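Peer 1: Supplied in structure tokens, the structure appears directly below.
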Amino acid sequence: MPGKSVKPPKHIPQRTCVGCRTVFSKRLLVRLVSKPEGVQVDLTGKLVGRGAYLHNHRSCWEKGLKGPLAHALKTTLTADDTQTLRQFMETLSEEDDDTSELA
């Protein structure tokens, strides 16, 4: 078939949720970044620093805050970090409603 070019499928970045250890498309997860000032939620996905990913579900955040998140970020979560992350967690849904797009 000379003359016909077949485009390869578009690459979709995959990341693992540190709460439930499930691989999903990067867009379905929330990135957290470890910085010298503390751990921050990175909604843009462009902050500099070591990152880890969690689903936007409270269940994954609760599991992640128990230890896997700190391990993935290679840091220790301070009380301020934990409080900030828990405040963000309260804005998230409780159900797994948007994970139907498994990657």
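In the structure tokens, chains take the letters A, B, ... in the order shown, each chain's residues start at 1, and ligands count up from 1 in the order shown.
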Quick one: residues within 12 Å of A:Thr44, only C-alpha atoms counted, chain neighbours fewer than 3 positions away excluded, as JSON, numbers by chain?
Peer 2: {"A": [26, 27, 29, 30, 31, 32, 33, 40, 41, 47, 48]}
Peer 1: Just the strand (DSSP E) stuff from stretch 3-96 of chain A, please, per backbone DSSP, written as a list of chain:residue names.
Peer 2: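 Taking stretch 3-96 of chain A and keeping strand (DSSP E) only, one gets A:Gln14, A:Arg15, A:Thr16, A:Val23, A:Phe24, A:Ser25, A:Leu29, A:Val30, A:Arg31, A:Leu32, A:Val33, A:Ser34, A:Lys35, A:Gly38, A:Val39, A:Gln40, A:Val41, A:Asp42, A:Arg50, A:Gly51, A:Ala52, A:Tyr53, A:Leu54, A:His55.
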Peer 1: Restricting the output to N, CA and C atoms, write the selected residues as a PDB file, in the first residue's frame.
Peer 2:
```pdb
ATOM      1  N   GLN A  14      -0.149   7.459  31.106  1.00  0.00           N
ATOM      2  CA  GLN A  14      -0.756   6.660  32.160  1.00  0.00           C
ATOM      3  C   GLN A  14      -0.062   6.948  33.483  1.00  0.00           C
ATOM      4  N   ARG A  15      -0.821   7.001  34.557  1.00  0.00           N
ATOM      5  CA  ARG A  15      -0.266   7.189  35.894  1.00  0.00           C
ATOM      6  C   ARG A  15      -0.998   6.253  36.851  1.00  0.00           C
ATOM      7  N   THR A  16      -0.360   5.968  37.980  1.00  0.00           N
ATOM      8  CA  THR A  16      -0.932   5.082  38.983  1.00  0.00           C
ATOM      9  C   THR A  16      -1.381   5.895  40.185  1.00  0.00           C
ATOM     10  N   VAL A  23      -4.045   1.926  37.495  1.00  0.00           N
ATOM     11  CA  VAL A  23      -3.501   2.761  36.427  1.00  0.00           C
ATOM     12  C   VAL A  23      -4.644   3.380  35.639  1.00  0.00           C
ATOM     13  N   PHE A  24      -4.564   4.695  35.464  1.00  0.00           N
ATOM     14  CA  PHE A  24      -5.562   5.446  34.710  1.00  0.00           C
ATOM     15  C   PHE A  24      -4.871   6.469  33.835  1.00  0.00           C
ATOM     16  N   SER A  25      -5.650   7.080  32.970  1.00  0.00           N
ATOM     17  CA  SER A  25      -5.172   8.197  32.179  1.00  0.00           C
ATOM     18  C   SER A  25      -4.775   9.328  33.129  1.00  0.00           C
ATOM     19  N   LEU A  29      -6.582  11.863  37.053  1.00  0.00           N
ATOM     20  CA  LEU A  29      -5.985  11.885  38.380  1.00  0.00           C
ATOM     21  C   LEU A  29      -5.572  13.301  38.771  1.00  0.00           C
ATOM     22  N   VAL A  30      -5.440  13.517  40.073  1.00  0.00           N
ATOM     23  CA  VAL A  30      -5.005  14.802  40.619  1.00  0.00           C
ATOM     24  C   VAL A  30      -3.544  14.662  41.009  1.00  0.00           C
ATOM     25  N   ARG A  31      -2.710  15.587  40.558  1.00  0.00           N
ATOM     26  CA  ARG A  31      -1.280  15.539  40.862  1.00  0.00           C
ATOM     27  C   ARG A  31      -0.989  16.307  42.136  1.00  0.00           C
ATOM     28  N   LEU A  32      -0.144  15.736  42.962  1.00  0.00           N
ATOM     29  CA  LEU A  32       0.343  16.384  44.174  1.00  0.00           C
ATOM     30  C   LEU A  32       1.851  16.516  44.052  1.00  0.00           C
ATOM     31  N   VAL A  33       2.383  17.638  44.508  1.00  0.00           N
ATOM     32  CA  VAL A  33       3.800  17.915  44.342  1.00  0.00           C
ATOM     33  C   VAL A  33       4.441  18.206  45.688  1.00  0.00           C
ATOM     34  N   SER A  34       5.614  17.624  45.891  1.00  0.00           N
ATOM     35  CA  SER A  34       6.406  17.900  47.080  1.00  0.00           C
ATOM     36  C   SER A  34       7.373  19.033  46.761  1.00  0.00           C
ATOM     37  N   LYS A  35       7.243  20.123  47.508  1.00  0.00           N
ATOM     38  CA  LYS A  35       8.111  21.287  47.335  1.00  0.00           C
ATOM     39  C   LYS A  35       8.723  21.620  48.681  1.00  0.00           C
ATOM     40  N   GLY A  38       6.253  22.633  51.210  1.00  0.00           N
ATOM     41  CA  GLY A  38       5.279  21.629  51.624  1.00  0.00           C
ATOM     42  C   GLY A  38       4.642  20.969  50.414  1.00  0.00           C
ATOM     43  N   VAL A  39       3.681  20.129  50.665  1.00  0.00           N
ATOM     44  CA  VAL A  39       2.988  19.415  49.598  1.00  0.00           C
ATOM     45  C   VAL A  39       1.844  20.283  49.077  1.00  0.00           C
ATOM     46  N   GLN A  40       1.737  20.371  47.748  1.00  0.00           N
ATOM     47  CA  GLN A  40       0.713  21.199  47.121  1.00  0.00           C
ATOM     48  C   GLN A  40      -0.087  20.382  46.123  1.00  0.00           C
ATOM     49  N   VAL A  41      -1.337  20.756  45.934  1.00  0.00           N
ATOM     50  CA  VAL A  41      -2.164  20.179  44.880  1.00  0.00           C
ATOM     51  C   VAL A  41      -1.815  20.920  43.597  1.00  0.00           C
ATOM     52  N   ASP A  42      -1.487  20.179  42.553  1.00  0.00           N
ATOM     53  CA  ASP A  42      -1.070  20.758  41.275  1.00  0.00           C
ATOM     54  C   ASP A  42      -2.158  20.493  40.233  1.00  0.00           C
ATOM     55  N   ARG A  50       8.766  16.762  42.841  1.00  0.00           N
ATOM     56  CA  ARG A  50       8.402  15.348  42.773  1.00  0.00           C
ATOM     57  C   ARG A  50       6.891  15.223  42.888  1.00  0.00           C
ATOM     58  N   GLY A  51       6.288  14.481  41.996  1.00  0.00           N
ATOM     59  CA  GLY A  51       4.835  14.374  41.962  1.00  0.00           C
ATOM     60  C   GLY A  51       4.329  12.979  42.249  1.00  0.00           C
ATOM     61  N   ALA A  52       3.085  12.920  42.666  1.00  0.00           N
ATOM     62  CA  ALA A  52       2.350  11.672  42.875  1.00  0.00           C
ATOM     63  C   ALA A  52       0.910  11.947  42.479  1.00  0.00           C
ATOM     64  N   TYR A  53       0.177  10.886  42.177  1.00  0.00           N
ATOM     65  CA  TYR A  53      -1.179  11.045  41.667  1.00  0.00           C
ATOM     66  C   TYR A  53      -2.194  10.303  42.517  1.00  0.00           C
ATOM     67  N   LEU A  54      -3.372  10.927  42.668  1.00  0.00           N
ATOM     68  CA  LEU A  54      -4.508  10.327  43.362  1.00  0.00           C
ATOM     69  C   LEU A  54      -5.764  10.563  42.538  1.00  0.00           C
ATOM     70  N   HIS A  55      -6.715   9.618  42.633  1.00  0.00           N
ATOM     71  CA  HIS A  55      -8.026   9.833  42.022  1.00  0.00           C
ATOM     72  C   HIS A  55      -8.683  11.032  42.685  1.00  0.00           C
TER      73      HIS A  55
END
```
Peer 1: Please provide the set of residues having any atom within 12 Å of A:Thr91, restricted to only C-alpha atoms, with same-chain residues fewer than 3 positions apart removed, written as an mmCIF file with C-alpha atoms, in the first residue's frame.
Peer 2:
```cif
data_model
loop_
_atom_site.group_PDB
_atom_site.id
_atom_site.type_symbol
_atom_site.label_atom_id
_atom_site.label_comp_id
_atom_site.auth_asym_id
_atom_site.auth_seq_id
_atom_site.Cartn_x
_atom_site.Cartn_y
_atom_site.Cartn_z
ATOM 1 C CA ASN A 56 -10.438 12.644 42.701
ATOM 2 C CA HIS A 57 -12.329 10.437 45.184
ATOM 3 C CA ARG A 58 -12.247 10.693 48.945
ATOM 4 C CA TRP A 61 -7.281 10.276 49.319
ATOM 5 C CA THR A 84 -4.363 21.370 53.551
ATOM 6 C CA LEU A 85 -4.815 18.062 51.725
ATOM 7 C CA ARG A 86 -7.796 17.087 53.901
ATOM 8 C CA GLN A 87 -9.457 20.445 53.137
ATOM 9 C CA PHE A 88 -9.026 19.762 49.425
ATOM 10 C CA GLU A 94 -17.387 10.230 47.571
#
```
Peer 1: Quick one: DSSP alpha helix (DSSP H) residues in chain A, as a list in words?
Peer 2: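 Matching residues for alpha helix (DSSP H) in chain A are Arg58, Ser59, Cys60, Trp61, Glu62, Lys63, Gly64, Leu65, Pro68, Leu69, Ala70, His71, Ala72, Leu73, Ala79, Asp80, Asp81, Thr82, Gln83, Thr84, Leu85, Arg86, Gln87, Phe88 and Met89 of chain A.
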Peer 1: Store the residues picked out above, limited to N, CA and C atoms, as a PDB file, in the first residue's frame.
Peer 2:
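Full text of result-v3.pdb as output:
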```
ATOM      1  N   ARG A  58     -12.670  10.660  47.547  1.00  0.00           N
ATOM      2  CA  ARG A  58     -12.247  10.693  48.945  1.00  0.00           C
ATOM      3  C   ARG A  58     -11.626   9.383  49.400  1.00  0.00           C
ATOM      4  N   SER A  59     -12.148   8.263  48.923  1.00  0.00           N
ATOM      5  CA  SER A  59     -11.629   6.965  49.374  1.00  0.00           C
ATOM      6  C   SER A  59     -10.148   6.817  49.033  1.00  0.00           C
ATOM      7  N   CYS A  60      -9.746   7.224  47.849  1.00  0.00           N
ATOM      8  CA  CYS A  60      -8.337   7.134  47.464  1.00  0.00           C
ATOM      9  C   CYS A  60      -7.485   8.114  48.269  1.00  0.00           C
ATOM     10  N   TRP A  61      -8.025   9.292  48.538  1.00  0.00           N
ATOM     11  CA  TRP A  61      -7.281  10.276  49.319  1.00  0.00           C
ATOM     12  C   TRP A  61      -7.096   9.792  50.752  1.00  0.00           C
ATOM     13  N   GLU A  62      -8.130   9.194  51.317  1.00  0.00           N
ATOM     14  CA  GLU A  62      -8.010   8.680  52.686  1.00  0.00           C
ATOM     15  C   GLU A  62      -6.937   7.598  52.765  1.00  0.00           C
ATOM     16  N   LYS A  63      -6.930   6.685  51.796  1.00  0.00           N
ATOM     17  CA  LYS A  63      -5.903   5.646  51.758  1.00  0.00           C
ATOM     18  C   LYS A  63      -4.525   6.251  51.538  1.00  0.00           C
ATOM     19  N   GLY A  64      -4.427   7.210  50.626  1.00  0.00           N
ATOM     20  CA  GLY A  64      -3.146   7.831  50.308  1.00  0.00           C
ATOM     21  C   GLY A  64      -2.551   8.602  51.460  1.00  0.00           C
ATOM     22  N   LEU A  65      -3.400   9.290  52.226  1.00  0.00           N
ATOM     23  CA  LEU A  65      -2.906  10.090  53.349  1.00  0.00           C
ATOM     24  C   LEU A  65      -2.426   9.238  54.517  1.00  0.00           C
ATOM     25  N   PRO A  68       0.932   5.918  51.855  1.00  0.00           N
ATOM     26  CA  PRO A  68       1.459   5.744  50.502  1.00  0.00           C
ATOM     27  C   PRO A  68       1.818   7.059  49.801  1.00  0.00           C
ATOM     28  N   LEU A  69       1.097   8.122  50.080  1.00  0.00           N
ATOM     29  CA  LEU A  69       1.390   9.407  49.441  1.00  0.00           C
ATOM     30  C   LEU A  69       2.749   9.930  49.890  1.00  0.00           C
ATOM     31  N   ALA A  70       3.010   9.908  51.175  1.00  0.00           N
ATOM     32  CA  ALA A  70       4.298  10.375  51.693  1.00  0.00           C
ATOM     33  C   ALA A  70       5.434   9.526  51.126  1.00  0.00           C
ATOM     34  N   HIS A  71       5.205   8.228  51.023  1.00  0.00           N
ATOM     35  CA  HIS A  71       6.226   7.337  50.472  1.00  0.00           C
ATOM     36  C   HIS A  71       6.499   7.659  49.001  1.00  0.00           C
ATOM     37  N   ALA A  72       5.437   7.890  48.221  1.00  0.00           N
ATOM     38  CA  ALA A  72       5.585   8.202  46.800  1.00  0.00           C
ATOM     39  C   ALA A  72       6.295   9.537  46.589  1.00  0.00           C
ATOM     40  N   LEU A  73       6.027  10.490  47.475  1.00  0.00           N
ATOM     41  CA  LEU A  73       6.660  11.806  47.369  1.00  0.00           C
ATOM     42  C   LEU A  73       8.041  11.844  48.017  1.00  0.00           C
ATOM     43  N   ALA A  79       1.843  18.357  59.689  1.00  0.00           N
ATOM     44  CA  ALA A  79       0.459  18.568  60.099  1.00  0.00           C
ATOM     45  C   ALA A  79      -0.222  19.582  59.178  1.00  0.00           C
ATOM     46  N   ASP A  80       0.522  20.622  58.764  1.00  0.00           N
ATOM     47  CA  ASP A  80      -0.037  21.624  57.849  1.00  0.00           C
ATOM     48  C   ASP A  80      -0.352  21.007  56.487  1.00  0.00           C
ATOM     49  N   ASP A  81       0.565  20.151  55.997  1.00  0.00           N
ATOM     50  CA  ASP A  81       0.327  19.482  54.722  1.00  0.00           C
ATOM     51  C   ASP A  81      -0.932  18.626  54.796  1.00  0.00           C
ATOM     52  N   THR A  82      -1.041  17.846  55.848  1.00  0.00           N
ATOM     53  CA  THR A  82      -2.185  16.957  56.016  1.00  0.00           C
ATOM     54  C   THR A  82      -3.479  17.748  56.101  1.00  0.00           C
ATOM     55  N   GLN A  83      -3.456  18.855  56.836  1.00  0.00           N
ATOM     56  CA  GLN A  83      -4.648  19.683  56.969  1.00  0.00           C
ATOM     57  C   GLN A  83      -5.051  20.286  55.615  1.00  0.00           C
ATOM     58  N   THR A  84      -4.084  20.789  54.864  1.00  0.00           N
ATOM     59  CA  THR A  84      -4.363  21.370  53.551  1.00  0.00           C
ATOM     60  C   THR A  84      -4.937  20.324  52.608  1.00  0.00           C
ATOM     61  N   LEU A  85      -4.344  19.129  52.609  1.00  0.00           N
ATOM     62  CA  LEU A  85      -4.815  18.062  51.725  1.00  0.00           C
ATOM     63  C   LEU A  85      -6.198  17.564  52.142  1.00  0.00           C
ATOM     64  N   ARG A  86      -6.466  17.506  53.436  1.00  0.00           N
ATOM     65  CA  ARG A  86      -7.796  17.087  53.901  1.00  0.00           C
ATOM     66  C   ARG A  86      -8.857  18.119  53.517  1.00  0.00           C
ATOM     67  N   GLN A  87      -8.511  19.407  53.561  1.00  0.00           N
ATOM     68  CA  GLN A  87      -9.457  20.445  53.137  1.00  0.00           C
ATOM     69  C   GLN A  87      -9.788  20.283  51.658  1.00  0.00           C
ATOM     70  N   PHE A  88      -8.777  19.992  50.845  1.00  0.00           N
ATOM     71  CA  PHE A  88      -9.026  19.762  49.425  1.00  0.00           C
ATOM     72  C   PHE A  88      -9.857  18.498  49.227  1.00  0.00           C
ATOM     73  N   MET A  89      -9.569  17.474  50.013  1.00  0.00           N
ATOM     74  CA  MET A  89     -10.283  16.206  49.922  1.00  0.00           C
ATOM     75  C   MET A  89     -11.774  16.388  50.189  1.00  0.00           C
TER      76      MET A  89
END
```
Peer 1: So how many Å separate atom CA of A:Pro36 and atom CA of A:Ser93, to one decimal?
Peer 2: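 That distance, rounded to one decimal, is 29.2 Å.
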Peer 1: Which of these residues is nearest to A:Leu43, using only C-alpha atoms: A:His11, A:Thr76, A:Val18, A:Leu28?
Peer 2: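 Closest candidate: A:Leu28.
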Peer 1: Find the residue from A:Glu37, A:Lys46, A:Glu90, A:Val6 that sits nearest to A:Thr75; use only C-alpha atoms when measuring.
Peer 2: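 That would be A:Glu37, the residue with the smallest distance to A:Thr75.
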